[in-house]
file start-v2.cif (mmCIF, C-alpha atoms)
data_entry
#
loop_
_atom_site.label_atom_id
_atom_site.label_comp_id
_atom_site.auth_asym_id
_atom_site.auth_seq_id
_atom_site.Cartn_x
_atom_site.Cartn_y
_atom_site.Cartn_z
CA MET V 1 -12.80 41.33 14.14
CA ILE V 2 -12.74 37.51 14.21
CA THR V 3 -9.44 35.75 14.77
CA VAL V 4 -9.04 32.35 13.13
CA PHE V 5 -6.21 29.94 13.93
CA ILE V 6 -5.77 27.14 11.40
CA GLU V 7 -4.32 23.72 12.31
CA PRO V 8 -2.10 22.00 11.33
CA ASP V 9 -0.88 24.90 9.17
CA ASN V 10 -0.24 27.09 12.25
CA GLU V 11 -1.63 30.07 10.38
CA THR V 12 -3.57 32.94 11.95
CA LEU V 13 -6.06 34.96 9.93
CA HIS V 14 -8.33 37.88 10.78
CA PHE V 15 -11.76 38.52 9.28
CA GLU V 16 -14.34 41.24 9.59
CA ARG V 17 -18.06 41.02 8.94
CA LEU V 18 -18.39 37.23 8.89
CA LYS V 19 -21.80 36.37 10.24
CA THR V 20 -21.78 32.57 10.33
CA VAL V 21 -19.53 29.53 10.44
CA LEU V 22 -20.71 28.58 6.96
CA LEU V 23 -19.46 31.88 5.56
CA LEU V 24 -16.13 31.35 7.32
CA GLN V 25 -15.84 27.85 5.83
CA GLN V 26 -16.65 29.19 2.39
CA ARG V 27 -14.08 31.95 2.78
CA LEU V 28 -11.47 29.32 3.65
CA GLY V 29 -12.54 26.98 0.81
CA LEU V 30 -13.63 24.26 3.22
CA ARG V 31 -16.61 21.92 3.01
CA VAL V 32 -18.78 21.27 6.08
CA ASN V 33 -16.91 18.12 7.15
CA ASP V 34 -13.41 19.13 6.03
CA ALA V 35 -12.49 20.63 9.40
CA LEU V 36 -13.62 21.05 12.97
CA VAL V 37 -14.68 24.58 13.83
CA ILE V 38 -13.94 25.18 17.49
CA ARG V 39 -14.85 28.05 19.81
CA GLY V 40 -13.59 27.50 23.34
CA ASP V 41 -14.46 23.90 24.20
CA MET V 42 -17.41 23.73 21.80
CA LEU V 43 -17.75 22.51 18.23
CA LEU V 44 -19.73 24.79 15.95
CA THR V 45 -22.15 23.75 13.23
CA PRO V 46 -22.33 25.76 9.97
CA ASP V 47 -25.39 27.74 11.06
CA CYS V 48 -23.75 29.06 14.25
CA ARG V 49 -23.41 32.82 14.33
CA LEU V 50 -20.02 34.42 14.83
CA GLN V 51 -19.50 37.49 16.94
CA ASP V 52 -17.00 40.30 16.98
CA GLY V 53 -14.02 39.26 19.13
CA ASP V 54 -14.51 35.52 18.57
CA GLU V 55 -11.40 33.36 18.55
CA ILE V 56 -11.98 30.34 16.33
CA ARG V 57 -9.80 27.30 15.76
CA ILE V 58 -10.06 25.46 12.44
CA ARG V 59 -8.71 21.91 12.71
CA LYS V 60 -8.45 20.26 9.29
CA VAL V 61 -9.26 16.58 9.48
CA ILE V 62 -7.72 14.95 6.40
CA SER V 63 -4.74 12.95 7.59
CA THR V 64 -1.73 13.01 5.33
CA GLY V 65 0.14 9.97 6.53
CA MET L 1 -29.18 23.48 14.41
CA LYS L 2 -30.59 20.96 16.88
CA CYS L 3 -29.72 17.38 17.68
CA ARG L 4 -32.06 15.22 15.66
CA LYS L 5 -32.42 12.74 18.51
CA CYS L 6 -32.81 14.83 21.69
CA LYS L 7 -33.36 18.36 20.28
CA ALA L 8 -30.51 19.86 22.34
CA PRO L 9 -28.22 22.32 20.51
CA ALA L 10 -26.15 20.32 18.00
CA GLU L 11 -22.36 20.44 17.84
CA ILE L 12 -21.81 18.00 14.98
CA ASP L 13 -23.44 18.31 11.55
CA LEU L 14 -23.44 15.03 9.62
CA PRO L 15 -24.90 15.68 6.15
CA SER L 16 -23.91 12.19 5.00
CA HIS L 17 -26.46 10.83 7.46
CA ASN L 18 -28.86 13.76 7.04
CA THR L 19 -28.58 14.40 10.76
CA ALA L 20 -26.92 16.46 13.48
CA CYS L 21 -25.91 15.50 17.02
CA CYS L 22 -25.25 17.01 20.41
CA ARG L 23 -22.08 15.66 22.04
CA ALA L 24 -23.94 13.12 24.21
CA CYS L 25 -25.86 11.64 21.27
CA PHE L 26 -22.72 11.73 19.11
CA ALA L 27 -20.92 9.59 21.71
CA GLU L 28 -23.77 7.05 21.49
CA TYR L 29 -23.64 7.16 17.69
CA PHE L 30 -19.86 6.63 17.61
CA THR L 31 -20.00 3.74 20.05
CA GLY L 32 -22.84 2.21 18.08
CA GLN L 33 -20.95 2.37 14.79
CA VAL L 34 -17.88 0.67 16.29
CA ASP L 35 -20.02 -1.95 17.99
CA LYS L 36 -21.92 -2.58 14.76
CA ALA L 37 -18.67 -3.09 12.85
CA ILE L 38 -17.34 -5.50 15.47
CA ARG L 39 -20.51 -7.58 15.69
CA HIS L 40 -21.39 -7.58 12.00
CA HIS L 41 -17.94 -8.76 10.88
CA GLY L 42 -16.96 -10.80 13.96
CA LEU L 43 -13.90 -8.60 14.51
CA ILE L 44 -13.22 -9.50 18.16
CA ASN L 45 -14.31 -12.60 20.04
CA PRO L 46 -14.84 -12.71 23.82
CA GLY L 47 -11.59 -13.01 25.77
CA GLU L 48 -9.29 -12.14 22.89
CA ARG L 49 -6.31 -9.83 23.43
CA VAL L 50 -6.21 -6.89 21.02
CA LEU L 51 -3.06 -5.08 19.93
CA VAL L 52 -3.91 -1.57 18.73
CA ALA L 53 -1.48 0.16 16.37
CA LEU L 54 -0.99 3.71 17.68
CA SER L 55 0.51 6.42 15.47
CA GLY L 56 -0.45 9.32 17.72
CA GLY L 57 -3.10 10.58 15.31
CA LYS L 58 -6.80 11.05 15.95
CA ASP L 59 -7.92 7.74 14.50
CA SER L 60 -5.67 5.33 16.37
CA LEU L 61 -5.99 7.08 19.73
CA SER L 62 -9.77 7.34 19.37
CA LEU L 63 -9.92 3.64 18.51
CA MET L 64 -7.83 2.71 21.55
CA LEU L 65 -10.04 4.75 23.87
CA GLU L 66 -13.30 3.47 22.42
CA LEU L 67 -12.26 -0.21 22.52
CA SER L 68 -11.08 0.14 26.12
CA ARG L 69 -14.40 1.76 27.06
CA GLN L 70 -16.26 -1.10 25.42
CA GLY L 71 -14.38 -3.47 27.74
CA TYR L 72 -11.92 -5.06 25.33
CA ASP L 73 -8.46 -6.16 26.51
CA VAL L 74 -6.36 -3.67 24.57
CA THR L 75 -2.64 -2.90 24.42
CA GLY L 76 -1.18 -0.14 22.27
CA LEU L 77 1.80 -0.58 19.97
CA HIS L 78 3.74 2.43 18.73
CA VAL L 79 6.48 2.14 16.13
CA ASP L 80 9.02 4.94 16.64
CA LEU L 81 10.17 5.65 13.09
CA GLY L 82 13.31 7.51 14.10
CA ILE L 83 12.50 10.63 12.04
CA PRO L 84 14.13 13.68 13.66
CA VAL L 85 11.68 15.88 15.63
CA SER L 86 8.55 14.32 14.10
CA SER L 87 8.87 10.86 15.66
CA ALA L 88 9.68 12.12 19.15
CA ALA L 89 6.61 14.36 19.07
CA ALA L 90 4.31 11.56 17.92
CA ARG L 91 5.71 9.14 20.49
CA ALA L 92 5.23 11.67 23.30
CA LYS L 93 1.55 12.04 22.39
CA VAL L 94 1.06 8.28 22.44
CA GLU L 95 2.91 7.80 25.74
CA ASN L 96 1.07 10.68 27.42
CA PHE L 97 -2.27 9.38 26.15
CA CYS L 98 -1.70 5.87 27.50
CA THR L 99 -0.21 7.01 30.80
CA ALA L 100 -3.08 9.42 31.49
CA ARG L 101 -5.68 6.71 30.88
CA GLY L 102 -3.85 3.76 32.42
CA LEU L 103 -3.63 1.92 29.09
CA LYS L 104 -0.91 -0.62 28.28
CA LEU L 105 1.66 0.35 25.65
CA LYS L 106 4.53 -1.28 23.79
CA VAL L 107 7.07 0.66 21.70
CA VAL L 108 9.27 -0.62 18.86
CA GLU L 109 12.20 1.68 18.05
CA LEU L 110 13.37 1.36 14.45
CA ILE L 111 16.74 2.91 15.32
CA LYS L 112 17.37 -0.03 17.66
CA GLU L 113 16.20 -2.41 14.95
CA GLY L 114 18.75 -0.94 12.51
CA LEU L 115 16.13 0.38 10.12
CA PRO L 116 15.29 4.04 10.91
CA ILE L 117 13.08 5.60 8.23
CA PRO L 118 15.55 8.41 7.37
CA ASP L 119 18.07 5.72 6.38
CA VAL L 120 15.46 3.89 4.34
CA LYS L 121 14.67 7.15 2.57
CA GLN L 122 18.34 7.82 1.91
CA TYR L 123 19.44 4.40 0.75
CA ILE L 124 16.38 2.73 -0.80
CA HIS L 125 15.16 4.03 -4.12
CA ARG L 126 11.44 3.42 -3.84
CA PRO L 127 8.55 5.57 -2.54
CA ILE L 128 9.23 6.10 1.14
CA CYS L 129 5.56 5.87 2.17
CA SER L 130 5.39 2.38 0.67
CA ALA L 131 8.53 1.18 2.45
CA CYS L 132 7.51 2.80 5.74
CA GLY L 133 4.07 1.19 5.59
CA LYS L 134 5.62 -2.19 4.89
CA ILE L 135 7.97 -1.86 7.87
CA LYS L 136 5.18 -0.79 10.23
CA ARG L 137 2.89 -3.63 9.14
CA HIS L 138 5.78 -6.06 9.61
CA TRP L 139 6.29 -4.97 13.23
CA PHE L 140 2.58 -4.82 14.03
CA ASN L 141 2.19 -8.42 12.93
CA ARG L 142 5.44 -9.61 14.48
CA VAL L 143 4.64 -8.17 17.92
CA ALA L 144 1.06 -9.46 17.75
CA LEU L 145 2.25 -12.99 17.11
CA THR L 146 5.27 -13.10 19.40
CA ASP L 147 3.42 -11.51 22.34
CA GLY L 148 0.29 -13.62 22.07
CA PHE L 149 -2.30 -11.21 20.70
CA GLN L 150 -5.10 -12.77 18.67
CA VAL L 151 -6.14 -9.52 17.00
CA LEU L 152 -4.33 -6.54 15.50
CA ALA L 153 -6.52 -3.42 15.26
CA THR L 154 -5.74 -0.36 13.18
CA GLY L 155 -7.47 3.02 13.09
CA HIS L 156 -8.32 3.03 9.39
CA ASN L 157 -11.50 5.03 8.89
CA LEU L 158 -14.03 5.17 6.08
CA ASP L 159 -12.05 7.84 4.19
CA ASP L 160 -8.88 5.74 4.38
CA GLU L 161 -10.68 2.65 3.20
CA VAL L 162 -12.50 4.36 0.34
CA ALA L 163 -9.27 6.03 -0.84
CA ARG L 164 -7.46 2.67 -0.75
CA LEU L 165 -10.30 0.88 -2.51
CA PHE L 166 -10.37 3.61 -5.14
CA ALA L 167 -6.60 3.26 -5.74
CA ASN L 168 -6.84 -0.52 -5.94
CA THR L 169 -9.76 -0.24 -8.35
CA LEU L 170 -7.92 2.22 -10.59
CA ARG L 171 -5.22 -0.45 -10.98
CA TRP L 172 -7.71 -3.36 -10.96
CA ASP L 173 -5.37 -4.96 -8.45
CA ALA L 174 -7.10 -8.29 -7.89
CA GLY L 175 -4.74 -9.31 -5.10
CA TYR L 176 -5.57 -6.32 -2.92
CA LEU L 177 -9.22 -6.23 -3.96
CA SER L 178 -9.59 -9.85 -2.88
CA ASP L 179 -9.07 -9.15 0.80
CA GLN L 180 -9.63 -5.46 1.48
CA GLY L 181 -12.17 -5.05 4.23
CA PRO L 182 -12.72 -4.55 7.94
CA CYS L 183 -11.51 -8.06 8.81
CA LEU L 184 -8.61 -10.04 7.41
CA ALA L 185 -8.65 -13.50 8.94
CA ALA L 186 -5.59 -14.95 10.68
CA GLU L 187 -3.68 -17.35 8.45
CA SER L 188 -0.19 -18.45 7.46
CA GLY L 189 1.67 -16.49 10.14
CA PHE L 190 -0.52 -13.40 10.02
CA ALA L 191 -2.58 -12.22 12.99
CA ARG L 192 -6.22 -11.31 12.35
CA LYS L 193 -6.30 -7.68 11.23
CA ILE L 194 -9.35 -5.56 11.98
CA LYS L 195 -10.52 -2.03 11.25
CA PRO L 196 -13.31 -1.23 13.72
CA LEU L 197 -13.55 2.43 12.60
CA TYR L 198 -14.34 1.60 8.98
CA ARG L 199 -17.90 2.95 9.25
CA LEU L 200 -16.74 6.33 10.61
CA THR L 201 -15.27 9.24 8.65
CA GLU L 202 -12.18 11.24 9.46
CA PHE L 203 -14.43 14.12 10.50
CA GLU L 204 -16.23 11.87 12.96
CA THR L 205 -13.05 10.48 14.52
CA ALA L 206 -11.70 14.03 14.75
CA CYS L 207 -14.88 15.09 16.56
CA TYR L 208 -14.58 12.11 18.93
CA ALA L 209 -10.94 12.93 19.71
CA PHE L 210 -11.77 16.57 20.41
CA LEU L 211 -14.83 15.85 22.54
CA ASN L 212 -12.86 13.35 24.63
CA GLY L 213 -9.92 15.67 25.21
CA ILE L 214 -7.46 13.51 23.28
CA GLU L 215 -4.30 15.42 22.44
CA ILE L 216 -3.24 14.25 19.01
CA HIS L 217 -0.15 14.51 16.85
CA THR L 218 -1.30 16.79 14.03
CA ALA L 219 1.91 17.66 12.20
CA PRO L 220 2.06 15.87 8.84
CA CYS L 221 4.89 13.43 8.24
CA PRO L 222 7.80 15.44 6.74
CA TYR L 223 8.25 12.71 4.13
CA SER L 224 4.64 12.30 2.97
CA SER L 225 4.20 15.42 0.85
CA GLY L 226 2.01 14.72 -2.15
CA ALA L 227 0.94 11.26 -1.01
CA THR L 228 -1.42 9.73 -3.56
CA PHE L 229 -4.09 8.86 -1.03
CA THR L 230 -4.42 12.48 0.05
CA GLY L 231 -5.32 13.43 -3.50
CA HIS L 232 -7.84 10.61 -3.70
CA LYS L 233 -9.42 11.73 -0.44
CA LYS L 234 -9.95 15.18 -1.87
CA LEU L 235 -11.66 13.71 -4.93
CA TRP L 236 -13.95 11.71 -2.67
CA SER L 237 -14.66 14.76 -0.53
CA ASP L 238 -16.03 16.43 -3.67
CA LEU L 239 -18.17 13.40 -4.49
CA GLU L 240 -19.49 13.17 -0.95
CA TYR L 241 -20.36 16.87 -0.96
CA THR L 242 -22.48 16.59 -4.10
CA SER L 243 -23.92 13.17 -3.19
CA PRO L 244 -23.93 12.60 0.59
CA GLY L 245 -23.63 8.93 1.50
CA THR L 246 -21.60 7.98 -1.57
CA LYS L 247 -18.55 6.80 0.39
CA ILE L 248 -20.28 4.27 2.59
CA ALA L 249 -22.45 3.07 -0.31
CA PHE L 250 -19.34 2.50 -2.47
CA TYR L 251 -17.53 0.64 0.31
CA ASP L 252 -20.47 -1.43 1.53
CA GLY L 253 -21.31 -2.31 -2.06
CA PHE L 254 -17.76 -3.53 -2.60
CA LEU L 255 -17.88 -5.71 0.52
CA LYS L 256 -21.17 -7.27 -0.54
CA ARG L 257 -20.72 -7.63 -4.30
CA GLY L 258 -17.13 -6.87 -5.31
CA ARG L 259 -14.85 -8.57 -2.83
CA PRO L 260 -16.32 -12.06 -3.11
CA ALA L 261 -15.60 -12.12 -6.84
CA PHE L 262 -12.00 -10.96 -6.40
CA ALA L 263 -11.49 -13.39 -3.51
CA GLN L 264 -12.32 -16.27 -5.84
CA VAL L 265 -9.76 -15.02 -8.39
CA ASP L 266 -7.08 -14.72 -5.71
CA LYS L 267 -7.90 -18.17 -4.37
CA ASP L 268 -7.19 -19.59 -7.81
CA GLN L 269 -4.00 -17.55 -8.38
CA GLY L 270 -2.62 -16.81 -4.86
CA ARG L 271 0.99 -17.55 -3.99
CA ALA L 272 2.13 -19.86 -1.17
CA VAL L 273 3.43 -18.24 2.01
CA ALA L 274 6.23 -19.59 4.26
CA PRO L 275 8.23 -18.21 7.21
CA CYS L 276 11.03 -15.76 6.35
CA THR L 277 14.37 -17.54 6.66
CA THR L 278 15.73 -14.59 8.67
CA CYS L 279 12.95 -13.40 10.98
CA ALA L 280 10.21 -16.06 10.54
CA SER L 281 7.61 -13.53 9.42
CA PRO L 282 5.37 -14.85 6.64
CA THR L 283 6.54 -14.21 3.11
CA SER L 284 6.24 -15.63 -0.38
CA THR L 285 9.83 -14.77 -1.29
CA GLY L 286 12.11 -16.72 1.09
CA VAL L 287 13.52 -13.65 2.82
CA CYS L 288 10.75 -11.18 3.67
CA GLY L 289 10.59 -7.67 2.25
CA VAL L 290 11.57 -5.97 5.50
CA CYS L 291 14.63 -8.17 6.02
CA ARG L 292 15.66 -7.45 2.44
CA LEU L 293 15.27 -3.72 3.14
CA LYS L 294 17.36 -4.05 6.29
CA ILE L 295 20.13 -5.89 4.45
CA ALA L 296 20.21 -3.29 1.68
CA VAL L 297 20.21 -0.34 4.11
CA THR L 298 22.94 -1.92 6.25
CA GLU L 299 25.17 -2.56 3.24
CA ARG L 300 24.72 0.90 1.71
CA ARG L 301 25.13 2.65 5.07
CA ALA L 302 28.39 0.79 5.64
CA ALA L 303 29.62 1.82 2.20
CA ASP L 304 28.63 5.48 2.66
CA PRO L 305 31.79 7.54 3.36
CA ASP L 306 29.74 10.28 5.04
CA ARG L 307 28.44 7.84 7.64
CA GLN L 308 31.94 6.57 8.37
CA THR L 309 33.40 10.02 9.07
CA ASP L 310 30.50 11.54 10.97
CA PRO L 311 29.96 9.58 14.20
CA ASP L 312 26.82 11.60 15.08
CA ARG L 313 25.04 10.07 12.12
CA GLN L 314 25.81 6.45 12.88
#

call {"tool": "encode", "arguments": {"input": "start-v2.cif", "output": "structure tokens"}}
result
Amino acid sequence: MITVFIEPDNETLHFERLKTVLLLQQRLGLRVNDALVIRGDMLLTPDCRLQDGDEIRIRKVISTG
Amino acid sequence: MKCRKCKAPAEIDLPSHNTACCRACFAEYFTGQVDKAIRHHGLINPGERVLVALSGGKDSLSLMLELSRQGYDVTGLHVDLGIPVSSAAARAKVENFCTARGLKLKVVELIKEGLPIPDVKQYIHRPICSACGKIKRHWFNRVALTDGFQVLATGHNLDDEVARLFANTLRWDAGYLSDQGPCLAAESGFARKIKPLYRLTEFETACYAFLNGIEIHTAPCPYSSGATFTGHKKLWSDLEYTSPGTKIAFYDGFLKRGRPAFAQVDKDQGRAVAPCTTCASPTSTGVCGVCRLKIAVTERRAADPDRQTDPDRQ
């Protein structure tokens, strides 16, 4: 199970069987540079592998004023 | 994925540049892009004092930090809009950021100036984002001039600039197209306005803010739902995805080949500017737009029976 917290929406989602960051982005409808993908204090690139138990923060970057 | 420069594990993928960076090389890249913008367009001269407009978002706080690290004499300016909950949160982020890093900060409170944004929204029948932007720009310029700053810096990034250029182009607005760019020279009561982040995308400034531990105000403005620029940014995100590098090519091409032509048109047709008869800010209409807003809000607030019977809302 991978837990994903989405900012600034303050929404928490749970996924199973997601192997990579790219698949997570695709599942969320995000392009590569639409959001930061954060695990701990590290940024993840699309090829990074996700593991069961990961807690990921998605920080969308488009400012809305 | 590895850093293209040093081969360490990459943290930032930048398809627009066909590259990827580790955090150390990304810091060099970011600094280089800001330095290139400043040198190429003569944004800041040695010894000049720079006023940096701080909203509390990733762009303005990243700009403030980067300029201070590059040795510029920077002071932040935050305009507290007086919007319940939202403005206090944004102001706290700005104040904490400056305090933690020993950076100078000035704050203008629109409630004290008699023009809080909720009142503008209630009493003025025009798009609130337009009025709010006008009021903020008015105070940025006014503080820059009255407090002796030669330069006013804003955190507009490449996505902001491309979205604005796109909107101006859709309307073929020659006035705005004549002077959009990373540097607007000082003239007729206006401080020089600069945009040192214009070569960097929102993604890149967001990465910089995260990697430097900047706590940012992320909640969207409660009044900005459906803002036109947000829609334009999404269109450009699609274009950039299918054709990486399109944004910077569009913007650089405009600076080199489009703006000079529009500047000539504006030079022929531009209107004369004189000090506002109320506040002395530059205007082409006698009384400036912000003073006219303030007069209208004050009159309508005074005539509003709800405001006269509810002292908490005064």

call {"tool": "axis_aligned_box", "arguments": {"input": "start-v2.cif", "around": "range 16-24 of chain V", "padding_each_side": "4 Å", "output": "AutoDock Vina command-line options"}}
result
--center_x -18.1 --center_y 34.9 --center_z 8.0 --size_x 15.5 --size_y 20.7 --size_z 12.9

call {"tool": "interface_residues", "arguments": {"input": "start-v2.cif", "of": "chain V", "to": "chain L", "cutoff": "7 Å", "atoms": "all atoms listed in the file", "output": "VMD selection string"}}
result
chain V and resid 8 33 to 35 43 to 45 47 61 to 62 64 to 65

call {"tool": "resolve_selection", "arguments": {"input": "start-v2.cif", "expression": "the PyMOL selection byres ((chain L and resi 118-120) around 10)", "output": "PDB file with C-alpha atoms, in the frame of the given file"}}
result
ATOM      1  CA  LEU L  81      10.170   5.650  13.090  1.00  0.00           C
ATOM      2  CA  GLY L  82      13.310   7.510  14.100  1.00  0.00           C
ATOM      3  CA  ILE L  83      12.500  10.630  12.040  1.00  0.00           C
ATOM      4  CA  PRO L  84      14.130  13.680  13.660  1.00  0.00           C
ATOM      5  CA  ILE L 111      16.740   2.910  15.320  1.00  0.00           C
ATOM      6  CA  GLY L 114      18.750  -0.940  12.510  1.00  0.00           C
ATOM      7  CA  LEU L 115      16.130   0.380  10.120  1.00  0.00           C
ATOM      8  CA  PRO L 116      15.290   4.040  10.910  1.00  0.00           C
ATOM      9  CA  ILE L 117      13.080   5.600   8.230  1.00  0.00           C
ATOM     10  CA  LYS L 121      14.670   7.150   2.570  1.00  0.00           C
ATOM     11  CA  GLN L 122      18.340   7.820   1.910  1.00  0.00           C
ATOM     12  CA  TYR L 123      19.440   4.400   0.750  1.00  0.00           C
ATOM     13  CA  ILE L 124      16.380   2.730  -0.800  1.00  0.00           C
ATOM     14  CA  HIS L 125      15.160   4.030  -4.120  1.00  0.00           C
ATOM     15  CA  ARG L 126      11.440   3.420  -3.840  1.00  0.00           C
ATOM     16  CA  PRO L 127       8.550   5.570  -2.540  1.00  0.00           C
ATOM     17  CA  ILE L 128       9.230   6.100   1.140  1.00  0.00           C
ATOM     18  CA  ALA L 131       8.530   1.180   2.450  1.00  0.00           C
ATOM     19  CA  CYS L 132       7.510   2.800   5.740  1.00  0.00           C
ATOM     20  CA  TYR L 223       8.250  12.710   4.130  1.00  0.00           C
ATOM     21  CA  LEU L 293      15.270  -3.720   3.140  1.00  0.00           C
ATOM     22  CA  LYS L 294      17.360  -4.050   6.290  1.00  0.00           C
ATOM     23  CA  ALA L 296      20.210  -3.290   1.680  1.00  0.00           C
ATOM     24  CA  VAL L 297      20.210  -0.340   4.110  1.00  0.00           C
ATOM     25  CA  THR L 298      22.940  -1.920   6.250  1.00  0.00           C
ATOM     26  CA  ARG L 300      24.720   0.900   1.710  1.00  0.00           C
ATOM     27  CA  ARG L 301      25.130   2.650   5.070  1.00  0.00           C
TER      28      ARG L 301
END

call {"tool": "closest_residue", "arguments": {"input": "start-v2.cif", "among": "V:Leu13, V:Ile38, V:Glu7, V:Pro46", "to": "Gln26 in chain V", "atoms": "all atoms listed in the file"}}
result
V:Pro46

call {"tool": "resolve_selection", "arguments": {"input": "start-v2.cif", "expression": "the PyMOL selection byres ((chain L and resi 136-153) around 9)", "output": "ChimeraX atom specification"}}
result
/L:43-44,48-53,60,63-64,77-79,81,108,131-135,154-156,186,189-196,280-281,289-290

call {"tool": "residues_around", "arguments": {"input": "start-v2.cif", "residues": "range 249-258 of chain L", "least_positions_apart": "2", "cutoff": "9 Å", "atoms": "only C-alpha atoms", "output": "list in words"}}
result
Leu158, Glu161, Val162, Leu165, Leu177, Ser178, Gln180, Gly181, Gly245, Thr246, Lys247, Pro260, Ala261, Phe262 and Ala263 of chain L

call {"tool": "atom_distance", "arguments": {"input": "start-v2.cif", "atom1": "CA of Ile216 in chain L", "atom2": "CA of Gln51 in chain V"}}
result
28.4 Å

call {"tool": "atom_distance", "arguments": {"input": "start-v2.cif", "atom1": "CA of Tyr176 in chain L", "atom2": "CA of Asn157 in chain L"}}
result
17.4 Å

call {"tool": "atom_distance", "arguments": {"input": "start-v2.cif", "atom1": "CA of Asn168 in chain L", "atom2": "CA of Gly286 in chain L"}}
result
25.9 Å

call {"tool": "closest_residue", "arguments": {"input": "start-v2.cif", "among": "V:Leu36, V:Leu28, V:Met1, V:Val21", "to": "Leu50 in chain V", "atoms": "all atoms listed in the file"}}
result
V:Val21

call {"tool": "residues_around", "arguments": {"input": "start-v2.cif", "residues": "Gly40 in chain V", "least_positions_apart": "2", "cutoff": "8 Å", "atoms": "all atoms listed in the file", "output": "PyMOL selection string"}}
result
chain V and resi 38+42+55-56

call {"tool": "write_last_selection", "arguments": {"input": "start-v2.cif", "atoms": "C-alpha atoms", "output": "PDB file, in the frame of the given file"}}
result
ATOM      1  CA  ILE V  38     -13.940  25.180  17.490  1.00  0.00           C
ATOM      2  CA  MET V  42     -17.410  23.730  21.800  1.00  0.00           C
ATOM      3  CA  GLU V  55     -11.400  33.360  18.550  1.00  0.00           C
ATOM      4  CA  ILE V  56     -11.980  30.340  16.330  1.00  0.00           C
TER       5      ILE V  56
END

call {"tool": "closest_residue", "arguments": {"input": "start-v2.cif", "among": "V:Val37, V:Ile2, V:Leu23, V:Leu18", "to": "Asp54 in chain V", "atoms": "only C-alpha atoms"}}
result
V:Ile2

call {"tool": "build_atoms", "arguments": {"input": "start-v2.cif", "residues": "range 21-36 of chain V", "atoms": "N, CA and C atoms", "output": "PDB file, keeping the file's coordinate frame"}}
result
ATOM      1  N   VAL V  21     -20.592  30.512  10.676  1.00  0.00           N
ATOM      2  CA  VAL V  21     -19.530  29.530  10.440  1.00  0.00           C
ATOM      3  C   VAL V  21     -19.493  29.120   8.977  1.00  0.00           C
ATOM      4  N   LEU V  22     -20.664  28.981   8.368  1.00  0.00           N
ATOM      5  CA  LEU V  22     -20.710  28.580   6.960  1.00  0.00           C
ATOM      6  C   LEU V  22     -19.975  29.582   6.082  1.00  0.00           C
ATOM      7  N   LEU V  23     -20.173  30.864   6.344  1.00  0.00           N
ATOM      8  CA  LEU V  23     -19.460  31.880   5.560  1.00  0.00           C
ATOM      9  C   LEU V  23     -17.956  31.802   5.776  1.00  0.00           C
ATOM     10  N   LEU V  24     -17.553  31.509   7.031  1.00  0.00           N
ATOM     11  CA  LEU V  24     -16.130  31.350   7.320  1.00  0.00           C
ATOM     12  C   LEU V  24     -15.563  30.162   6.544  1.00  0.00           C
ATOM     13  N   GLN V  25     -16.299  29.038   6.558  1.00  0.00           N
ATOM     14  CA  GLN V  25     -15.840  27.850   5.830  1.00  0.00           C
ATOM     15  C   GLN V  25     -15.712  28.146   4.342  1.00  0.00           C
ATOM     16  N   GLN V  26     -16.698  28.865   3.819  1.00  0.00           N
ATOM     17  CA  GLN V  26     -16.650  29.190   2.390  1.00  0.00           C
ATOM     18  C   GLN V  26     -15.460  30.098   2.083  1.00  0.00           C
ATOM     19  N   ARG V  27     -15.203  31.033   2.985  1.00  0.00           N
ATOM     20  CA  ARG V  27     -14.080  31.950   2.780  1.00  0.00           C
ATOM     21  C   ARG V  27     -12.749  31.184   2.765  1.00  0.00           C
ATOM     22  N   LEU V  28     -12.701  30.107   3.554  1.00  0.00           N
ATOM     23  CA  LEU V  28     -11.470  29.320   3.650  1.00  0.00           C
ATOM     24  C   LEU V  28     -11.429  28.179   2.614  1.00  0.00           C
ATOM     25  N   GLY V  29     -12.501  28.041   1.820  1.00  0.00           N
ATOM     26  CA  GLY V  29     -12.540  26.980   0.810  1.00  0.00           C
ATOM     27  C   GLY V  29     -12.727  25.606   1.409  1.00  0.00           C
ATOM     28  N   LEU V  30     -13.421  25.531   2.542  1.00  0.00           N
ATOM     29  CA  LEU V  30     -13.630  24.260   3.220  1.00  0.00           C
ATOM     30  C   LEU V  30     -15.076  23.813   3.122  1.00  0.00           C
ATOM     31  N   ARG V  31     -15.268  22.501   2.944  1.00  0.00           N
ATOM     32  CA  ARG V  31     -16.610  21.920   3.010  1.00  0.00           C
ATOM     33  C   ARG V  31     -16.980  21.702   4.474  1.00  0.00           C
ATOM     34  N   VAL V  32     -18.256  21.384   4.710  1.00  0.00           N
ATOM     35  CA  VAL V  32     -18.780  21.270   6.080  1.00  0.00           C
ATOM     36  C   VAL V  32     -17.953  20.294   6.916  1.00  0.00           C
ATOM     37  N   ASN V  33     -17.607  19.143   6.364  1.00  0.00           N
ATOM     38  CA  ASN V  33     -16.910  18.120   7.150  1.00  0.00           C
ATOM     39  C   ASN V  33     -15.409  18.044   6.836  1.00  0.00           C
ATOM     40  N   ASP V  34     -14.855  19.113   6.289  1.00  0.00           N
ATOM     41  CA  ASP V  34     -13.410  19.130   6.030  1.00  0.00           C
ATOM     42  C   ASP V  34     -12.600  19.485   7.270  1.00  0.00           C
ATOM     43  N   ALA V  35     -13.244  20.149   8.226  1.00  0.00           N
ATOM     44  CA  ALA V  35     -12.490  20.630   9.400  1.00  0.00           C
ATOM     45  C   ALA V  35     -13.435  20.808  10.580  1.00  0.00           C
ATOM     46  N   LEU V  36     -12.874  20.686  11.772  1.00  0.00           N
ATOM     47  CA  LEU V  36     -13.620  21.050  12.970  1.00  0.00           C
ATOM     48  C   LEU V  36     -13.553  22.568  13.103  1.00  0.00           C
TER      49      LEU V  36
END
